[in-house]
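Student: What follows is the file final-v2.cif, containing mmCIF, C-alpha atoms and all ligand atoms:
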data_target
#
loop_
_atom_site.label_atom_id
_atom_site.label_comp_id
_atom_site.auth_asym_id
_atom_site.auth_seq_id
_atom_site.Cartn_x
_atom_site.Cartn_y
_atom_site.Cartn_z
CA MET A 869 3.34 -28.52 20.43
CA PRO A 870 6.32 -26.10 20.84
CA ALA A 871 5.47 -22.53 21.86
CA SER A 872 4.22 -20.41 18.99
CA VAL A 873 6.04 -17.29 17.80
CA GLU A 874 4.29 -13.95 18.34
CA PRO A 875 2.63 -12.75 15.09
CA ASP A 876 4.33 -9.36 15.74
CA LEU A 877 7.69 -11.08 15.46
CA ILE A 878 6.78 -13.01 12.28
CA ARG A 879 5.54 -9.73 10.77
CA ALA A 880 8.80 -7.96 11.68
CA GLN A 881 10.80 -10.81 10.13
CA PHE A 882 8.70 -10.75 6.99
CA ALA A 883 8.93 -6.95 6.63
CA ALA A 884 12.72 -7.10 7.02
CA ALA A 885 13.04 -9.95 4.50
CA LEU A 886 10.84 -8.11 2.00
CA SER A 887 12.87 -4.93 2.44
CA ASP A 888 16.11 -6.84 1.82
CA MET A 889 14.67 -8.46 -1.29
CA TYR A 890 13.39 -5.15 -2.68
CA ARG A 891 16.66 -3.41 -1.87
CA ALA A 892 18.50 -6.01 -3.94
CA GLU A 893 15.98 -5.80 -6.80
CA VAL A 894 15.45 -2.01 -6.97
CA PRO A 895 18.58 0.10 -6.30
CA LEU A 896 16.50 3.31 -6.04
CA TYR A 897 14.87 1.90 -2.93
CA ALA A 898 18.28 1.49 -1.27
CA ASP A 899 19.02 5.17 -2.04
CA LEU A 900 15.67 6.19 -0.55
CA LEU A 901 16.38 4.28 2.67
CA ASP A 902 19.72 6.07 2.93
CA ILE A 903 18.28 9.55 2.47
CA VAL A 904 15.34 8.90 4.80
CA ALA A 905 17.59 7.53 7.56
CA GLY A 906 19.81 10.63 7.33
CA VAL A 907 16.90 13.09 7.43
CA ASN A 908 15.11 11.25 10.26
CA ALA A 909 18.27 11.17 12.39
CA ARG A 910 18.59 14.95 11.99
CA VAL A 911 14.92 15.74 12.67
CA ASP A 912 14.54 13.56 15.75
CA PRO A 913 17.51 11.51 17.00
CA ALA A 914 15.24 10.17 19.77
CA ALA A 915 12.43 9.04 17.43
CA PRO A 916 10.62 5.87 18.52
CA GLU A 917 12.19 2.64 17.29
CA ARG A 918 9.23 1.85 15.01
CA ILE A 919 10.04 4.80 12.68
CA ALA A 920 13.36 3.28 11.60
CA VAL A 921 11.76 0.04 10.40
CA GLU A 922 8.44 1.49 9.28
CA ARG A 923 7.40 0.56 5.73
CA HIS A 924 4.31 0.12 3.68
CA GLY A 925 4.14 -1.91 0.50
CA ALA A 926 1.56 -2.46 -2.21
CA ILE A 927 0.37 -5.45 -4.21
CA ARG A 928 -2.41 -5.97 -6.75
CA LEU A 929 -4.36 -9.22 -6.90
CA GLY A 930 -6.41 -10.72 -9.71
CA THR A 931 -9.11 -12.85 -8.12
CA ALA A 932 -11.35 -13.18 -5.09
CA ASP A 933 -9.64 -16.46 -4.17
CA GLU A 934 -6.23 -14.77 -4.20
CA LEU A 935 -7.56 -12.01 -1.93
CA ALA A 936 -9.20 -14.43 0.51
CA MET A 937 -6.00 -16.47 0.83
CA MET A 938 -3.90 -13.30 1.14
CA ALA A 939 -6.11 -12.25 4.08
CA ARG A 940 -5.39 -15.60 5.75
CA ALA A 941 -1.64 -15.24 5.07
CA PHE A 942 -1.59 -11.72 6.56
CA ALA A 943 -3.55 -12.94 9.59
CA VAL A 944 -0.57 -15.21 10.40
CA LEU A 945 1.51 -11.98 10.45
CA GLY A 946 -0.98 -10.28 12.78
CA MET A 947 -2.40 -8.03 10.03
CA ALA A 948 -6.10 -7.39 9.43
CA PRO A 949 -7.91 -5.57 6.58
CA VAL A 950 -8.68 -1.97 7.57
CA GLY A 951 -10.75 0.38 5.40
CA TYR A 952 -12.20 0.20 1.91
CA TYR A 953 -10.72 2.27 -0.93
CA ASP A 954 -12.57 2.61 -4.22
CA LEU A 955 -10.19 3.64 -7.00
CA ALA A 956 -12.72 3.39 -9.86
CA PRO A 957 -13.74 7.07 -9.64
CA ALA A 958 -10.07 7.90 -10.30
CA GLY A 959 -10.08 5.73 -13.43
CA VAL A 960 -8.22 2.79 -11.89
CA PRO A 961 -10.16 -0.52 -12.17
CA VAL A 962 -9.41 -1.82 -8.65
CA HIS A 963 -10.72 -1.57 -5.12
CA SER A 964 -8.52 -2.02 -2.09
CA THR A 965 -7.95 -2.41 1.61
CA ALA A 966 -4.92 -1.96 3.86
CA PHE A 967 -3.68 -4.97 5.81
CA ARG A 968 -2.07 -3.76 9.02
CA PRO A 969 -1.66 -4.41 12.74
CA VAL A 970 -4.57 -2.91 14.68
CA THR A 971 -3.62 -2.69 18.35
CA GLU A 972 -1.38 -0.06 19.90
CA ALA A 973 1.07 -2.72 21.10
CA ALA A 974 1.24 -4.40 17.70
CA LEU A 975 1.71 -1.06 15.91
CA ALA A 976 4.51 -0.18 18.30
CA ALA A 977 6.16 -3.58 17.78
CA ASN A 978 6.15 -3.25 13.98
CA PRO A 979 3.71 -1.12 11.95
CA PHE A 980 4.24 -2.90 8.58
CA ARG A 981 1.22 -2.43 6.32
CA VAL A 982 0.31 -3.48 2.79
CA PHE A 983 -2.06 -1.61 0.47
CA CYS A 984 -3.76 -4.50 -1.30
CA SER A 985 -5.84 -4.01 -4.44
CA LEU A 986 -8.19 -6.39 -6.23
CA LEU A 987 -8.80 -6.13 -9.98
CA ARG A 988 -12.41 -5.25 -10.88
CA ILE A 989 -12.87 -7.67 -13.79
CA ASP A 990 -16.45 -6.37 -14.06
CA LEU A 991 -15.07 -2.99 -15.19
CA ILE A 992 -13.41 -4.50 -18.30
CA GLY A 993 -15.79 -3.44 -21.05
CA ASP A 994 -14.72 -6.00 -23.67
CA ALA A 995 -16.51 -9.31 -22.90
CA ALA A 996 -14.02 -11.49 -24.80
CA LEU A 997 -11.08 -9.93 -22.97
CA ARG A 998 -12.93 -10.31 -19.67
CA ASP A 999 -13.22 -14.07 -20.29
CA ASP A 1000 -9.55 -14.29 -21.29
CA VAL A 1001 -8.50 -12.45 -18.11
CA ALA A 1002 -10.56 -14.82 -15.95
CA ALA A 1003 -9.08 -17.87 -17.73
CA ILE A 1004 -5.46 -16.62 -17.43
CA LEU A 1005 -5.89 -15.83 -13.73
CA ALA A 1006 -7.59 -19.18 -13.05
CA ARG A 1007 -4.44 -20.98 -14.28
CA ARG A 1008 -1.99 -19.36 -11.85
CA ALA A 1009 -1.23 -20.25 -8.24
CA ILE A 1010 0.36 -17.35 -6.38
CA PHE A 1011 1.03 -19.27 -3.14
CA SER A 1012 3.39 -22.24 -2.95
CA ASP A 1013 2.16 -25.49 -1.40
CA ALA A 1014 4.55 -24.83 1.48
CA ALA A 1015 2.95 -21.43 2.17
CA LEU A 1016 -0.58 -22.85 1.98
CA GLY A 1017 0.33 -25.74 4.30
CA LEU A 1018 1.77 -23.35 6.89
CA ILE A 1019 -1.28 -21.05 6.75
CA ILE A 1020 -3.48 -24.07 7.46
CA SER A 1021 -1.29 -25.27 10.34
CA ALA A 1022 -1.16 -21.79 11.84
CA GLU A 1023 -4.96 -21.61 11.76
CA ARG A 1024 -5.30 -25.09 13.22
CA ASP A 1025 -2.68 -24.72 15.97
CA GLY A 1026 -3.22 -21.04 16.77
CA GLY A 1027 0.23 -20.05 15.47
CA LEU A 1028 3.56 -21.28 14.14
CA ASP A 1029 6.58 -22.55 16.04
CA GLU A 1030 10.02 -21.11 15.32
CA ALA A 1031 10.84 -23.41 12.42
CA GLY A 1032 7.35 -22.94 10.98
CA ALA A 1033 7.62 -19.15 11.24
CA ARG A 1034 10.98 -19.15 9.48
CA ALA A 1035 9.67 -21.41 6.72
CA PHE A 1036 6.54 -19.28 6.33
CA VAL A 1037 8.49 -16.02 5.94
CA ALA A 1038 10.62 -17.63 3.22
CA ALA A 1039 7.64 -19.19 1.44
CA LEU A 1040 5.47 -16.04 1.53
CA LEU A 1041 8.36 -13.93 0.25
CA GLU A 1042 8.20 -15.91 -3.00
CA THR A 1043 4.63 -14.67 -3.59
CA PHE A 1044 5.91 -11.06 -3.52
CA ARG A 1045 8.95 -11.65 -5.73
CA TRP A 1046 9.33 -10.11 -9.18
CA HIS A 1047 9.26 -12.58 -12.11
CA SER A 1048 10.53 -11.34 -15.43
CA ASP A 1049 8.89 -14.27 -17.28
CA ALA A 1050 5.37 -13.27 -18.27
CA THR A 1051 2.67 -15.96 -18.32
CA VAL A 1052 1.22 -14.65 -21.58
CA ASP A 1053 2.50 -13.98 -25.11
CA ALA A 1054 3.34 -10.51 -26.37
CA GLU A 1055 0.07 -10.19 -28.26
CA THR A 1056 -2.03 -10.95 -25.16
CA TYR A 1057 0.09 -8.53 -23.12
CA ALA A 1058 -0.59 -5.82 -25.71
CA ARG A 1059 -4.36 -6.47 -25.56
CA LEU A 1060 -4.34 -6.33 -21.74
CA SER A 1061 -2.24 -3.18 -21.78
CA ALA A 1062 -4.51 -1.49 -24.31
CA GLN A 1063 -7.45 -2.10 -21.95
CA HIS A 1064 -5.47 -0.56 -19.05
CA ARG A 1065 -1.76 -0.84 -18.21
CA LEU A 1066 -2.62 -1.80 -14.69
CA ILE A 1067 -4.59 -4.79 -15.98
CA ALA A 1068 -1.49 -6.05 -17.80
CA ASP A 1069 0.53 -5.63 -14.60
CA ILE A 1070 -1.98 -7.66 -12.60
CA VAL A 1071 -2.78 -10.38 -15.14
CA ALA A 1072 0.36 -11.06 -17.20
CA PHE A 1073 2.69 -12.29 -14.47
CA LYS A 1074 3.04 -15.29 -12.15
CA GLY A 1075 2.28 -13.39 -9.01
CA PRO A 1076 1.50 -10.07 -7.30
CA HIS A 1077 5.06 -8.69 -7.21
CA ILE A 1078 5.51 -6.01 -4.58
CA ASN A 1079 5.37 -2.78 -6.61
CA HIS A 1080 6.80 -0.36 -4.04
CA LEU A 1081 7.97 -0.29 -0.45
CA THR A 1082 7.72 3.04 1.28
CA PRO A 1083 9.85 4.24 4.20
CA ARG A 1084 8.36 6.80 6.58
CA THR A 1085 10.19 10.09 6.88
CA LEU A 1086 9.84 12.78 9.53
CA ASP A 1087 10.37 15.54 6.91
CA ILE A 1088 9.15 14.75 3.41
CA ASP A 1089 10.11 18.18 2.03
CA ALA A 1090 13.74 17.63 3.09
CA VAL A 1091 13.81 14.14 1.55
CA GLN A 1092 12.20 15.41 -1.67
CA ALA A 1093 14.85 18.16 -1.94
CA GLN A 1094 17.69 15.66 -1.44
CA MET A 1095 16.27 13.29 -4.02
CA LEU A 1096 16.13 16.08 -6.58
CA ALA A 1097 19.67 17.11 -5.63
CA ARG A 1098 20.83 13.53 -6.32
CA GLY A 1099 19.16 13.65 -9.73
CA ILE A 1100 16.36 11.23 -8.82
CA ASP A 1101 13.23 11.75 -10.91
CA ALA A 1102 10.78 12.68 -8.15
CA LYS A 1103 7.17 13.55 -8.83
CA ALA A 1104 6.76 17.32 -8.60
CA VAL A 1105 3.67 17.35 -6.38
CA ILE A 1106 3.49 15.95 -2.86
CA GLU A 1107 0.13 14.19 -2.41
CA GLY A 1108 -1.98 15.03 0.61
CA PRO A 1109 -2.19 18.10 2.84
CA PRO A 1110 0.29 20.98 2.50
CA ALA A 1111 3.26 21.28 4.90
CA ARG A 1112 2.06 22.32 8.39
CA LYS A 1113 3.33 22.85 11.95
CA ILE A 1114 1.13 19.98 13.13
CA PRO A 1115 1.17 17.37 10.35
CA ILE A 1116 -2.12 15.60 9.67
CA LEU A 1117 -2.95 12.38 7.82
CA LEU A 1118 -0.41 11.46 5.22
CA ARG A 1119 1.86 13.23 2.73
CA GLN A 1120 3.41 11.10 0.01
CA THR A 1121 5.51 11.41 -3.08
CA SER A 1122 6.58 8.79 -5.58
CA PHE A 1123 9.36 8.30 -8.12
CA LYS A 1124 9.05 7.02 -11.65
CA ALA A 1125 8.58 3.31 -12.26
CA LEU A 1126 11.51 1.31 -13.63
CA THR A 1127 11.34 -0.01 -17.16
CA GLU A 1128 12.29 -3.67 -16.85
CA ALA A 1129 13.16 -6.31 -19.41
CA VAL A 1130 10.58 -9.10 -19.47
CA ARG A 1131 10.22 -12.29 -21.46
CA PHE A 1132 6.94 -13.15 -23.17
CA ALA A 1133 6.38 -16.62 -24.58
CA GLY A 1134 9.08 -16.66 -27.25
CA GLN A 1135 9.81 -12.91 -27.27
CA ASP A 1136 11.61 -10.17 -25.33
CA GLY A 1137 9.70 -7.13 -24.13
CA GLN A 1138 9.45 -4.40 -21.50
CA HIS A 1139 7.21 -3.65 -18.55
CA THR A 1140 7.05 -0.79 -16.06
CA ALA A 1141 5.65 -1.58 -12.65
CA ARG A 1142 7.95 -1.01 -9.74
CA PHE A 1143 8.64 2.39 -8.26
CA GLY A 1144 9.76 4.29 -5.19
CA GLU A 1145 7.73 6.28 -2.68
CA ILE A 1146 8.23 8.10 0.63
CA GLU A 1147 5.68 9.28 3.13
CA GLN A 1148 5.30 11.46 6.19
CA ARG A 1149 2.56 10.64 8.68
CA GLY A 1150 0.64 13.03 10.90
CA ALA A 1151 -2.36 13.07 13.20
CA ALA A 1152 -5.38 10.85 12.59
CA LEU A 1153 -8.48 12.97 11.93
CA THR A 1154 -11.89 12.39 13.50
CA PRO A 1155 -14.87 12.05 11.11
CA LYS A 1156 -15.41 15.81 11.67
CA GLY A 1157 -11.77 16.57 10.83
CA ARG A 1158 -11.87 14.29 7.81
CA ALA A 1159 -15.02 15.96 6.49
CA LEU A 1160 -13.28 19.34 6.76
CA TYR A 1161 -10.17 17.94 5.06
CA ASP A 1162 -12.19 16.48 2.18
CA ARG A 1163 -14.10 19.75 1.73
CA LEU A 1164 -10.93 21.86 1.66
CA LEU A 1165 -9.20 19.40 -0.68
CA ALA A 1166 -12.07 19.74 -3.16
CA ASP A 1167 -11.75 23.55 -3.08
CA PRO A 1168 -9.90 24.80 -6.18
CA ASP A 1169 -8.38 27.67 -4.15
CA PRO A 1170 -4.95 26.53 -2.88
CA GLN A 1171 -5.33 28.96 0.05
CA ALA A 1172 -8.42 27.05 1.24
CA PHE A 1173 -6.29 24.88 3.54
CA CYS A 1174 -5.56 27.88 5.78
CA ALA A 1175 -9.03 27.18 7.21
CA PHE A 1176 -7.72 23.95 8.80
CA PRO A 1177 -6.40 24.91 12.26
CA ASP A 1178 -2.66 24.33 12.67
CA ASP A 1179 -2.41 24.55 16.42
CA LEU A 1180 -2.64 21.56 18.75
CA ASP A 1181 -5.05 23.19 21.21
CA ALA A 1182 -7.41 24.31 18.46
CA LEU A 1183 -7.32 20.92 16.73
CA VAL A 1184 -8.22 19.22 20.00
CA ALA A 1185 -10.76 21.81 21.14
CA GLU A 1186 -12.58 21.63 17.80
CA GLY A 1187 -12.57 17.82 17.85
CA LEU A 1188 -10.66 17.53 14.56
CA ILE A 1189 -7.95 15.05 15.62
CA TYR A 1190 -7.69 12.01 17.88
CA VAL A 1191 -5.37 12.37 20.86
CA ARG A 1192 -4.10 9.99 23.51
CA ASN A 1193 -2.67 11.48 26.69
CA ASP A 1194 -2.50 14.90 25.01
CA ALA A 1195 -0.48 13.67 22.01
CA PRO A 1196 -1.89 13.27 18.49
CA ILE A 1197 -2.54 9.67 17.47
CA THR A 1198 -0.63 8.86 14.27
CA TYR A 1199 -2.66 8.17 11.12
CA GLU A 1200 -2.00 4.52 10.19
CA ASP A 1201 -4.07 4.33 7.00
CA PHE A 1202 -4.12 5.64 3.43
CA LEU A 1203 -5.96 8.29 1.42
CA PRO A 1204 -7.94 7.38 -1.68
CA VAL A 1205 -7.09 10.61 -3.52
CA SER A 1206 -3.37 10.21 -2.78
CA ALA A 1207 -3.49 6.52 -3.72
CA ALA A 1208 -5.08 7.46 -7.03
CA GLY A 1209 -2.29 10.00 -7.57
CA ILE A 1210 0.31 7.32 -6.79
CA PHE A 1211 -1.27 4.87 -9.24
CA GLN A 1212 -1.56 7.58 -11.93
CA SER A 1213 2.00 8.85 -11.53
CA ASN A 1214 3.15 5.46 -12.73
CA LEU A 1215 0.81 5.31 -15.69
CA THR A 1216 2.04 8.30 -17.69
CA GLY A 1217 0.22 8.56 -20.98
CA GLU A 1218 -2.63 6.26 -19.92
CA ARG A 1219 -5.88 7.73 -21.28
CA PRO A 1220 -8.40 8.78 -18.60
CA ARG A 1221 -11.20 6.26 -17.93
CA ASP A 1222 -14.70 6.84 -16.68
CA TYR A 1223 -15.85 3.87 -14.63
CA GLY A 1224 -18.68 5.87 -13.09
CA ASP A 1225 -19.83 5.50 -9.53
CA THR A 1226 -19.73 1.75 -9.06
CA SER A 1227 -18.31 1.46 -5.55
CA SER A 1228 -18.80 -2.05 -4.30
CA GLN A 1229 -17.63 -2.57 -0.75
CA ALA A 1230 -20.04 -5.49 -0.33
CA ALA A 1231 -18.55 -7.32 -3.34
CA PHE A 1232 -15.04 -6.62 -2.00
CA GLU A 1233 -15.91 -8.03 1.40
CA THR A 1234 -17.48 -11.13 -0.16
CA ALA A 1235 -14.21 -11.69 -2.05
CA LEU A 1236 -12.19 -11.05 1.10
CA GLY A 1237 -14.26 -13.48 3.12
CA ARG A 1238 -14.90 -10.97 5.91
CA ALA A 1239 -15.80 -7.35 6.58
CA VAL A 1240 -13.08 -4.70 6.61
CA ILE A 1241 -12.47 -2.94 9.92
CA ASP A 1242 -13.59 0.69 10.20
CA PRO A 1243 -10.44 2.77 10.79
CA PHE A 1244 -12.32 5.46 12.76
CA ALA A 1245 -13.42 2.82 15.27
CA LEU A 1246 -9.77 1.83 15.86
CA TYR A 1247 -8.66 5.44 16.49
CA ALA A 1248 -11.67 6.16 18.69
CA ALA A 1249 -10.81 3.11 20.82
CA MET A 1250 -7.22 4.34 21.30
CA ALA A 1251 -8.16 7.94 22.02
CA THR A 1252 -8.48 9.48 25.47
CA THR A 1253 -11.14 12.17 25.70
CA PRO A 1254 -9.67 15.56 26.57
C1 LIG B 1 -1.02 1.21 -4.68
C2 LIG B 1 -1.09 2.71 -4.66
C3 LIG B 1 -1.54 3.21 -3.29
C4 LIG B 1 -0.39 4.54 -1.45
O1 LIG B 1 0.62 4.72 -0.78
O2 LIG B 1 -1.36 5.32 -1.43
C5 LIG B 1 -0.44 3.35 -2.31
C6 LIG B 1 -0.50 0.64 -5.97
O3 LIG B 1 0.09 1.36 -6.81
O4 LIG B 1 -0.66 -0.60 -6.11
O5 LIG B 1 0.44 2.55 -2.19
NI NI B 2 2.20 3.53 -1.40
#
Since I need it in another form, could you write the structure as C-alpha cells?
Ligand code: OOG
Ligand code: NI
Tutor:
Amino acid sequence: MPASVEPDLIRAQFAAALSDMYRAEVPLYADLLDIVAGVNARVDPAAPERIAVERHGAIRLGTADELAMMARAFAVLGMAPVGYYDLAPAGVPVHSTAFRPVTEAALAANPFRVFCSLLRIDLIGDAALRDDVAAILARRAIFSDAALGLIISAERDGGLDEAGARAFVAALLETFRWHSDATVDAETYARLSAQHRLIADIVAFKGPHINHLTPRTLDIDAVQAQMLARGIDAKAVIEGPPARKIPILLRQTSFKALTEAVRFAGQDGQHTARFGEIEQRGAALTPKGRALYDRLLADPDPQAFCAFPDDLDALVAEGLIYVRNDAPITYEDFLPVSAAGIFQSNLTGERPRDYGDTSSQAAFETALGRAVIDPFALYAAMATTP
C-alpha cells in the first residue's frame, strides 16, 4: 500500500477547501477574512503561522447515526470529540461537542475545529411532530457512498494515500455544502419552525450545511470597530470575558444570519441559517480559574470581573491558568454561555423555551459511539508546573 498522508495534512486541506467554499457562498465571510488579516498583521506581524489559517466551524446533526459517522469522518482528519456542551438550559434543543486536534504538534500544524451539535428529539413536546422528525431524518443520507467508502478504507488501512485523501476532502466537502432545495414541503417547514427555528434548520434540508466559519483575530475590539465602520450588522455585545491585558478563554461576536431563498416541494420560500463570527482566544483556565470565571460571570455587577487577576505572575501564582515554559497555553475549546449567545443571536424573535435541567452526556456519548475527551486533562498534560 502507498504511504498514507498525515491526518494533519488532510485536515489542513479540508479546512482550506471548506473556507474557499464558504467564501464563495457567503460574501460577508470574505470581508471578515480581509479585516481579520489586516488587524492581525498590525497587532503581531510575527504571529505563529497557525493564526493565519485558524478557523472554527459549526454544524448541527439530526440523528445518532449521523453523529457516529461524523466522528469517524473527523477521525480521518485527526480530530477527536473534546468536551460536552448542554445547550438545553439556554433554550436550544441540542447538545454538542467540539471535534478538534488534541496534541500540541497537531494543533500547531492546523488547529481547525468544528462545534458539532446533535438535535435532542426527546425535547420536542409534540409527539406527532417528534415522529415526523424521526421519519424525515431517517430518509436522508448526509454522506455520499464515496465518503463512506473512504472512511472505511482509512480505518482498515490506518490512513489514506494521496489520491484517497484528495478524494475524501472533495467527498466530505459535499456533506457541508448548502442546499437550497428543502426536503420537506412548506407546510412541514412551518410546523418544524413553529416548534423551534433551529429544528427546521436541522431537519428540513439534505445535510448539515456549515452555518459559520470563524477566523481567529488577535484584537476582537479592533475588528468589531472596523466591521461597524464598514456598515456590517455586528452584534452589539462581545460574548465572553471583558477586554483584558492578559486575554483568557474566548471572546466572540457574530453577525446576522443571511436570509436565503429556498425551494420547498413546489413552492419558493426563505430560510435564515448562515452567519459570520470572529473570535479572540486567550489563556486556558484551570478548574480553579474556570470556577472563578463562572462565578464572576453569574454576578450581575459588571465590575465583578475586576476580581479576576489580570497579571501573568498573579494568574500563575494563584493557579488560575495553564502555562507551558512560562507562557499561557491557548484555550482551544468553546464556552457554553457564549455558544448559547451565538445560537440566540441568530434566532431573533424566537420565544424563550424552558427545557429544564435535562443534561444527558451519557446519551450523547452513546450516540457518538465513544466518550468525549475531558479538555482539562488535555491542558494539564501540556502544562509545565511552575
Ligand atoms: C453553534 C454555536 C456555537 C460557538 O462559537 O460558540 C459556536 C451553532 O450555531 O451551530 O459556534
Ligand atoms: Ni462559532
Student: Using all atoms listed in the file, list the residues that have an atom at most 10 Å from (0.1, -11.1, -22.2), coordinates as in the file, as a list in words.
Tutor: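 Counting all atoms listed in the file, I find these residues within 10 Å of (0.1, -11.1, -22.2): Val1001, Ile1004, Ala1050, Thr1051, Val1052, Asp1053, Ala1054, Glu1055, Thr1056, Tyr1057, Ala1058, Arg1059, Leu1060, Ser1061, Ala1068, Asp1069, Val1071, Ala1072, Phe1073, Phe1132 and Ala1133 of chain A.
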Student: Which one is closest to Met937 in chain A: A:Leu1183, A:Ile1116, A:Ala1235, A:Leu1041? Count all atoms listed in the file.
Tutor: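 With all atoms listed in the file as the atom set, the closest residue is A:Ala1235.
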Student: Find the residue from A:Arg1065, A:Arg968, A:Arg1024, A:Arg1149 that sits nearest to Arg1112 in chain A; use only C-alpha atoms when measuring.
Tutor: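 Among the listed residues, A:Arg1149 lies closest to Arg1112 in chain A.
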Student: One decimal, in Å: what's the spacing between CA of Gly1157 in chain A and CA of Ala1185 in chain A?
Tutor: 11.6 Å
Student: Nearest to Leu901 in chain A: which of A:Ile1146, A:Val960, A:Met938, A:Ala966 is it, counting all atoms listed in the file?
Tutor: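 Among the listed residues, A:Ile1146 lies closest to Leu901 in chain A.
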Student: Could you check how far CA of Arg1142 in chain A sits from CA of Val1240 in chain A, in Å to one decimal?
Tutor: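 These atoms are spaced 26.9 Å apart.
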Student: Which chain A residues have any atom within 8 Å of an atom of ligand NI 2 (chain B), and for each, what is the nearest pair of atoms with distance in Å to one decimal, counting all atoms listed in the file, rows sorted by chain and number, as a tab-separated table?
Tutor:
residue	atom	partner	partner_atom	distance
A:His924	CA	B:NI2	NI	6.5
A:Gly925	CA	B:NI2	NI	6.1
A:Ala926	CA	B:NI2	NI	6.1
A:Phe983	CA	B:NI2	NI	6.9
A:His1080	CA	B:NI2	NI	6.6
A:Leu1081	CA	B:NI2	NI	7.0
A:Thr1082	CA	B:NI2	NI	6.2
A:Gln1120	CA	B:NI2	NI	7.8
A:Glu1145	CA	B:NI2	NI	6.3
A:Ile1146	CA	B:NI2	NI	7.8
A:Ala1207	CA	B:NI2	NI	6.8
A:Ile1210	CA	B:NI2	NI	6.9
Student: Which residue out of A:Ala898, A:Ile992, A:Leu955, A:Ala1102 has the minimum interatomic distance to ligand LIG 1 (chain B) when all atoms listed in the file are used?
Tutor: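 Between A:Ala898, A:Ile992, A:Leu955, A:Ala1102, the residue approaching ligand LIG 1 (chain B) most closely is A:Leu955.
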Student: Which residues are near Ala1097 in chain A? Cut-off 12 Å, only C-alpha atoms, ignore same chain within fewer than 6 positions. Put them as a ChimeraX atom specification.
Tutor: /A:903,1090-1091
Student: Return the padded bounding box of ligand LIG 1 (chain B) as JSON: axis-aligned, built from all atoms listed in the file, 5 Å added on each side, with centre and edge lengths in Å to one decimal.
Tutor:
{"center_x": -0.5, "center_y": 2.4, "center_z": -3.8, "size_x": 12.2, "size_y": 15.9, "size_z": 16.0}
Student: Which distance in Å separates CA of Ala1195 in chain A and CA of Pro949 in chain A, to one decimal?
Tutor: 25.8 Å
Student: For ligand LIG 1 (chain B), which residue among A:Pro1110, A:Gly1144, A:Pro1204, A:Pro1196 is the nearest when counting all atoms listed in the file?
Tutor: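 Of A:Pro1110, A:Gly1144, A:Pro1204, A:Pro1196, the one nearest ligand LIG 1 (chain B), counting all atoms listed in the file, is A:Pro1204.
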Student: List as a ChimeraX atom specification: which residues have an atom within 12 Å of (-5.8, 25.6, 1.9), counting only C-alpha atoms?
Tutor: /A:1108-1112,1160-1178
Student: Any chance you can output those residues with C-alpha atoms as a PDB file, keeping the file's coordinate frame?
Tutor:
ATOM      1  CA  GLY A1108      -1.980  15.030   0.610  1.00  0.00           C
ATOM      2  CA  PRO A1109      -2.190  18.100   2.840  1.00  0.00           C
ATOM      3  CA  PRO A1110       0.290  20.980   2.500  1.00  0.00           C
ATOM      4  CA  ALA A1111       3.260  21.280   4.900  1.00  0.00           C
ATOM      5  CA  ARG A1112       2.060  22.320   8.390  1.00  0.00           C
ATOM      6  CA  LEU A1160     -13.280  19.340   6.760  1.00  0.00           C
ATOM      7  CA  TYR A1161     -10.170  17.940   5.060  1.00  0.00           C
ATOM      8  CA  ASP A1162     -12.190  16.480   2.180  1.00  0.00           C
ATOM      9  CA  ARG A1163     -14.100  19.750   1.730  1.00  0.00           C
ATOM     10  CA  LEU A1164     -10.930  21.860   1.660  1.00  0.00           C
ATOM     11  CA  LEU A1165      -9.200  19.400  -0.680  1.00  0.00           C
ATOM     12  CA  ALA A1166     -12.070  19.740  -3.160  1.00  0.00           C
ATOM     13  CA  ASP A1167     -11.750  23.550  -3.080  1.00  0.00           C
ATOM     14  CA  PRO A1168      -9.900  24.800  -6.180  1.00  0.00           C
ATOM     15  CA  ASP A1169      -8.380  27.670  -4.150  1.00  0.00           C
ATOM     16  CA  PRO A1170      -4.950  26.530  -2.880  1.00  0.00           C
ATOM     17  CA  GLN A1171      -5.330  28.960   0.050  1.00  0.00           C
ATOM     18  CA  ALA A1172      -8.420  27.050   1.240  1.00  0.00           C
ATOM     19  CA  PHE A1173      -6.290  24.880   3.540  1.00  0.00           C
ATOM     20  CA  CYS A1174      -5.560  27.880   5.780  1.00  0.00           C
ATOM     21  CA  ALA A1175      -9.030  27.180   7.210  1.00  0.00           C
ATOM     22  CA  PHE A1176      -7.720  23.950   8.800  1.00  0.00           C
ATOM     23  CA  PRO A1177      -6.400  24.910  12.260  1.00  0.00           C
ATOM     24  CA  ASP A1178      -2.660  24.330  12.670  1.00  0.00           C
TER      25      ASP A1178
END
Student: A:Pro969, A:Ala1033, A:Leu975, A:Arg918: which is nearest Gln881 in chain A, counting only C-alpha atoms?
Tutor: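 Residue with the minimum atom-to-atom distance to Gln881 in chain A: A:Ala1033.
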